[in-house]
Amino acid sequence: MNSRSLPNFLLICFLLLVASCSQPPVFIEYQTLSKIGDQKEWAAKNWNDEDWDKRKPKLKGGEVFWSRTPIDILKAPDTLHPYAIRPYLYGEYEVFWDGVLIGRNGNPGQEATLAPEGKMFAPFIIPPHLSEEGEHMLAIRSSLFYFPGHVGMKVDIDKYDALLTDRLIQTSYMHIFAGAFLIASIYFLFLFLGNKKEYRLLIFSICCFLFFILNLAEFITSYLPIHYRHHRIRLETIGILMFGISFLIPFYFSKEFPYPKRKIALIVYAVILMFTFFIKHDFFDFTARNMAICMWVFSFGIVVFGVYKKMKGARLILLTLLLSMLVNFVTKFNIGLIIGFSIILLGMFYLLSLRIKEQRLAYETSLVQSTRLRLELLKKNIQPHFLMNTLTSLIDWIEEAPKKGVLFIEALAKEFDLFNQIENKTMIPIAQEIELCRRHLEIMEYRKEINYSWQQEGIDFEEKIPPAILHTLLENGITHSLPLEDNSIKFKLIFESNSQYKSYTFLTFATRAKQTTAEREDGTGLKYIKARLTESYNSKWDFISKPTDHGWKNIIKIYS
């Protein structure tokens, strides 16, 4: 996606989002009144509640209290689609509609003696004869044994099937977002592991992963029943995730658009973010919203500086920030939060794509300098005498033992595939180099009918080396050695490391063919090894190749 098509894509997403959020409500909710105590008569529609309190009751924990909310139904439901009500509140409670008990969620008033029961966000069907257009009374008898300070309620009324399915559908779309960013997180984590100096990749990977967990935590109540005493754990998790994302996004932009006194500004921002996180910690939505605003404001300032300095990608990121703010204005907080973060992360992804493009162009430029070495490697792969001898052996195997001939072909294909993978690389993992050597030994066993064996000691699989240098030593060992009395040739790779250098010792256990050291040093293979070492390490290397009583010994030292 280029810079011209991305704004169009974001605009289309925004228009679709606004269009999807335009469903008119079917009810009007009025002032909720509350009172501590417990009388069944308080459920009645026409009960006189003039002396009830408009403020939230102050609870000690476990006592029963009632709340009464007048509600106007604007349109009567269809016969086959009754209305249902879903309260959003803490506690265990009973729901009364016009004085009729329509549902129970737990055991209000008995939480201290009975096991926890019920779940958050339970829907209850309103009887059709009580859902006519006009005024109605919602009364809720509840208790808050675990979190008496979290008193408050809002309700949602809609068709019963809509209450059951709409949130699940909404959750499925949000989880599609989450899955995409989980894949992005894993992908960019692997990119970072391949280039550990590029910390932007790691920051973006962590942001995507935190966003994935945030998405799950936000919508987990849609399909997993959670008692209200566990709901606080969910909200604490969301708060911590919000804190991490709210710091990492401006931190990422600080790296993309560097500005004066960056460290001091980030420290000040971190202090402000921590103050926001702790000042009213128990008001979770308030805290999350304020952290999101802090993140947006600080990021906006950084990006505006980038636009002023005409830094690449800054204008498009400014557009994504403005669009994310508009989304939060026209949607519910939880939906706007997820979609807003998605847009911002998409902008971050765009910046990474620009950086990766620049790195690719630099890499392509460096390829010009290493063309000769690539051609040498290609020659090693398709040298005529190797192919001719291999194909001749292959014909014999197919005629005499077709099954082994198939295995021979597979081994040859795997080696060629490995060569294709490393063809354009200047450094490859040592594990890949070892695999290439093993595949070559497998081919040579079929060709020469000699028992080749491979051993390794102390290998650090995090290390990287220039491609095919061990493979070249292996070829030399095969070409210039005769088998031992038991018709075998053995190879052993030993890795050693200290503060001054890293050392690879490659041993060949075989009967040496008649060849002088000078002749071996003049060979194309050793010249290739030295050229590769110079390309990757300049002059910080040493290479020794000498005969021994057991065959041949090669030592490659790479200095720190």
# chains A, B, ... in the order shown; residues from 1 in each chain; ligands from 1

call {"tool": "residues_around", "arguments": {"residues": "A:Asn107", "least_positions_apart": "5", "cutoff": "10 Å", "atoms": "only C-alpha atoms", "output": "VMD selection string"}}
result
chain A and resid 91 to 94 112 to 118 141 to 143

call {"tool": "write_last_selection", "arguments": {"atoms": "C-alpha atoms", "output": "PDB file, in the first residue's frame"}}
result
ATOM      1  CA  GLY A  91     -23.431  -6.942  41.944  1.00  0.00           C
ATOM      2  CA  GLU A  92     -25.968  -9.728  42.172  1.00  0.00           C
ATOM      3  CA  TYR A  93     -29.478  -8.509  41.476  1.00  0.00           C
ATOM      4  CA  GLU A  94     -33.119  -9.095  40.566  1.00  0.00           C
ATOM      5  CA  ALA A 112     -21.868 -13.434  52.274  1.00  0.00           C
ATOM      6  CA  THR A 113     -23.369 -16.875  52.878  1.00  0.00           C
ATOM      7  CA  LEU A 114     -23.840 -18.315  49.382  1.00  0.00           C
ATOM      8  CA  ALA A 115     -21.343 -19.057  46.634  1.00  0.00           C
ATOM      9  CA  PRO A 116     -20.941 -16.370  43.931  1.00  0.00           C
ATOM     10  CA  GLU A 117     -23.547 -16.707  41.227  1.00  0.00           C
ATOM     11  CA  GLY A 118     -24.492 -14.825  38.076  1.00  0.00           C
ATOM     12  CA  ARG A 141     -32.942  -5.068  43.804  1.00  0.00           C
ATOM     13  CA  SER A 142     -29.211  -5.615  44.232  1.00  0.00           C
ATOM     14  CA  SER A 143     -26.288  -5.988  46.607  1.00  0.00           C
TER      15      SER A 143
END

call {"tool": "closest_residue", "arguments": {"among": "A:Ile73, A:Val327, A:Ile339, A:Leu201", "to": "A:Pro25", "atoms": "only C-alpha atoms"}}
result
A:Ile73

call {"tool": "closest_residue", "arguments": {"among": "A:Ala178, A:Ala265, A:Ala122, A:Ile317", "to": "A:Ser222", "atoms": "only C-alpha atoms"}}
result
A:Ala122

call {"tool": "residues_around", "arguments": {"residues": "A:Leu352", "least_positions_apart": "3", "cutoff": "9 Å", "atoms": "only C-alpha atoms", "output": "list in words"}}
result
Arg200, Leu201, Phe204, Gly347, Met348, Phe349, Arg355, Ile356 and Lys357 of chain A
